[in-house]
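To start, the structure itself, in structure tokens.
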Number of protein chains: 2
Amino acid sequence: MNIGQAASASGLTAKMIRYYEQMKLIIPAHRTESSYRTYSDSDVNTLRFVRRARDLGFSVEQMKSLIALWRDRSRASGDVKSIALEHIAELERKAASIHAMIHTLKHLATHCHGDERPDCPIIDGFASATATDDALPPINARFGLNGMKTD
Amino acid sequence: MNIGQAASASGLTAKMIRYYEQMKLIIPAHRTESSYRTYSDSDVNTLRFVRRARDLGFSVEQMKSLIALWRDRSRASGDVKSIALEHIAELERKAASIHAMIHTLKHLATHCHGDERPDCPIIDGFASATATDDALPPINARFGLNGMKTD
DNA sequence: TATTGACCTTCCAGTAGGGGGAAGGATTAT
DNA sequence: ATAATCCTTCCCCCTACTGGAAGGTCAATA
């Protein structure tokens with residue numbers, strides 16, 4: 001199986017598979033004489049594992065740990081659980097931040113009649129102090145989504 | 001007022017102010033003879049406007065539109081509202097995606113005893129088909145957070 | 001006055017997680 | 001035979017910044 005077929009079988013793209021190989025998340029694929037990458041069914045299982053972890057928002061670094069634990073027959077399930085719980089906590093922080101934005105925006109939007117008149121509570125809300133100032137912590141104390149795939 | 005003072009007055013950093021100037025989000029600041037940037041109270045108002053919009057998750061491109069509308073005395077409030085509503089919809093998609101991740105992860109985590117035994121439903125869930133496969137749409141149909149600051 | 005320290009300037013590099021596309025070789029279908 | 005579709009590596013692009021180097025400037029102190 002070449003990279004394109006492995007890609008559609010796993011739900012990743014060929015670009016992603018090469019990227020993960022380069023990042024040392026996955027073991028370099030075997031090559032044909034003409035240096036085409038080849039994938040076995042077992043390799044595709046690994047790729048599917050990666051895709052599922054990625055779909056759950058794990059970073060490449062986190063996935064490295066998860067794959068190492070996956071391959072380790074003597075792993076402690078507590079190690080896996082702690083990674084998962086930490087990730088859940090991070091996701092919940094992100095969700096809370098997004099909900100705070102939605103809340104403020106909806107509040108502003110419901111007071112905007114949204115016609116041709118220039119009077120606009122949304123713009124006015126941005127231009128003067130609103131709940132936003134208090135709703136979000138200081139700029140440097142915040143946490144980032146950092147390229148996380150909520151795709 | 002120089003850039004450091006404008007930064008603390010607005011809640012941005014000096015780096016961000018220079019970046020926004022470079023990106024043409026804000027008008028280049030006046031300079032002293034020794035090419036220090038100087039900011040008036042009015043300039044700081046603009047910076048505060050930018051910070052609030054940023055805190056609500058708007059991208060630099062969206063903020064360009066919002067600032068243009070802010071400065072346009074004859075703007076239609078409907079134009080502002082449509083930008084805001086579109087942004088709310090985007091935020092809600094992101095939130096739904098994150099909640100789906102949390103849901104799946106919590107489901108897996110509650111079935112993991114989390115001790116020294118190697119048996120781990122979380123890892124097993126990644127390795128074989130789970131609700132994840134159905135919970136998320138195909139990889140190319142997804143939407144991204146793309147550097148958005150949920151910081 | 002000299003010097004220190006806290007500013008400021010520009011520029012370059014790097015981040016995460018890839019996407020896009022060029023240049024060129026390989027394989028496959030007609 | 002030839003065209004279409006793969007594959008390879010390579011490098012640049014994206015967002016929204018942050019960090020740091022090299023160097024100029026300004027205010028206070030010894």
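Ordering of the structure tokens sets the chain letters (A, B, ...); residue numbers start at 1 within each chain; ligands are numbered from 1 in the order shown.
Excluding DA29 (chain C) itself and any same-chain residue fewer than 4 positions from it, the protein and nucleic acid residues within 10 Å of it, counting only C-alpha atoms (C1' of nucleotides), are DA3, DA4 and DT5 of chain D.
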Counting only C-alpha atoms (C1' of nucleotides), chain A residues within 9 Å of chain D, as a PyMOL selection string: chain A and resi 2-4+34-37+147
Chain C near chain A within 12 Å: what's each residue's closest atom pair and its distance in Å to one decimal, counting only C-alpha atoms (C1' of nucleotides), ordered by chain then ascending residue number, as a Markdown table?
| residue | atom | partner | partner_atom | distance |
| --- | --- | --- | --- | --- |
| C:DT15 | C1' | A:Asn146 | CA | 8.8 |
| C:DA16 | C1' | A:Gly147 | CA | 5.0 |
| C:DG17 | C1' | A:Gly147 | CA | 6.4 |
| C:DG18 | C1' | A:Met16 | CA | 6.8 |
| C:DG19 | C1' | A:Lys15 | CA | 8.3 |
| C:DG20 | C1' | A:Lys15 | CA | 10.8 |
| C:DG25 | C1' | A:Ser34 | CA | 8.5 |
| C:DA26 | C1' | A:Ser34 | CA | 7.2 |
| C:DT27 | C1' | A:Ser34 | CA | 10.5 |
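Between chain B and chain A, which have the same sequence, the C-alpha root-mean-square deviation after superposition works out to 0.3 Å.
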Straight-line distance linking CA of Met1 (chain B) with CA of Asp43 (chain B), stated in Å to one decimal: 9.9 Å
Long-range neighbours of region 83-90 of chain B as a PyMOL selection string, 9 Å cut-off, only C-alpha atoms (C1' of nucleotides), 6 positions minimum in chain: (chain A and resi 101-102+105-106+108-109+122) or (chain B and resi 57-58+62+65-66+143)
CA of Ala53 (chain B) to CA of Phe126 (chain A), distance in Å rounded to a single decimal: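 Distance reported for this atom pair: 6.4 Å.
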DSSP-assigned strand (DSSP E) members of region 20-68 of chain B, reported as a list in words: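 Listing strand (DSSP E) positions across region 20-68 of chain B yields His30, Arg31, Arg37 and Thr38 of chain B.
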Two-atom distance - CA of Arg75 (chain B), CA of Ala29 (chain B) (Å): 25.2 Å
Secondary structure check, alpha helix (DSSP H) residues of chain A, as an MDAnalysis selection string: chainID A and resid 3:10 14:22 41:55 60:71 77:110 121:127 132:135
Surrounding residues of Ala9 (chain A) excluding itself and chain neighbours under 3 positions, 8 Å, only C-alpha atoms (C1' of nucleotides), as a ChimeraX atom specification: /A:5-6,44
Next, write the just-selected residues to a file, as an mmCIF file, in the first residue's frame, keeping N, CA, C and O atoms as the atom set.
data_model
loop_
_atom_site.group_PDB
_atom_site.id
_atom_site.type_symbol
_atom_site.label_atom_id
_atom_site.label_comp_id
_atom_site.auth_asym_id
_atom_site.auth_seq_id
_atom_site.Cartn_x
_atom_site.Cartn_y
_atom_site.Cartn_z
ATOM 1 N N GLN A 5 -2.962 5.556 -0.547
ATOM 2 C CA GLN A 5 -3.938 4.559 -0.087
ATOM 3 C C GLN A 5 -3.966 4.490 1.439
ATOM 4 O O GLN A 5 -5.031 4.375 2.038
ATOM 5 N N ALA A 6 -2.780 4.588 2.038
ATOM 6 C CA ALA A 6 -2.710 4.591 3.501
ATOM 7 C C ALA A 6 -3.422 5.827 4.057
ATOM 8 O O ALA A 6 -4.079 5.777 5.097
ATOM 9 N N VAL A 44 -1.165 0.941 9.030
ATOM 10 C CA VAL A 44 -2.400 1.723 8.907
ATOM 11 C C VAL A 44 -3.123 1.782 10.254
ATOM 12 O O VAL A 44 -3.714 2.808 10.606
#
Residue nearest chain A among B:Ala68, B:Ile17, B:Leu56, B:Met23 (counting only C-alpha atoms):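 Of B:Ala68, B:Ile17, B:Leu56, B:Met23, the one nearest chain A, counting only C-alpha atoms, is B:Leu56.
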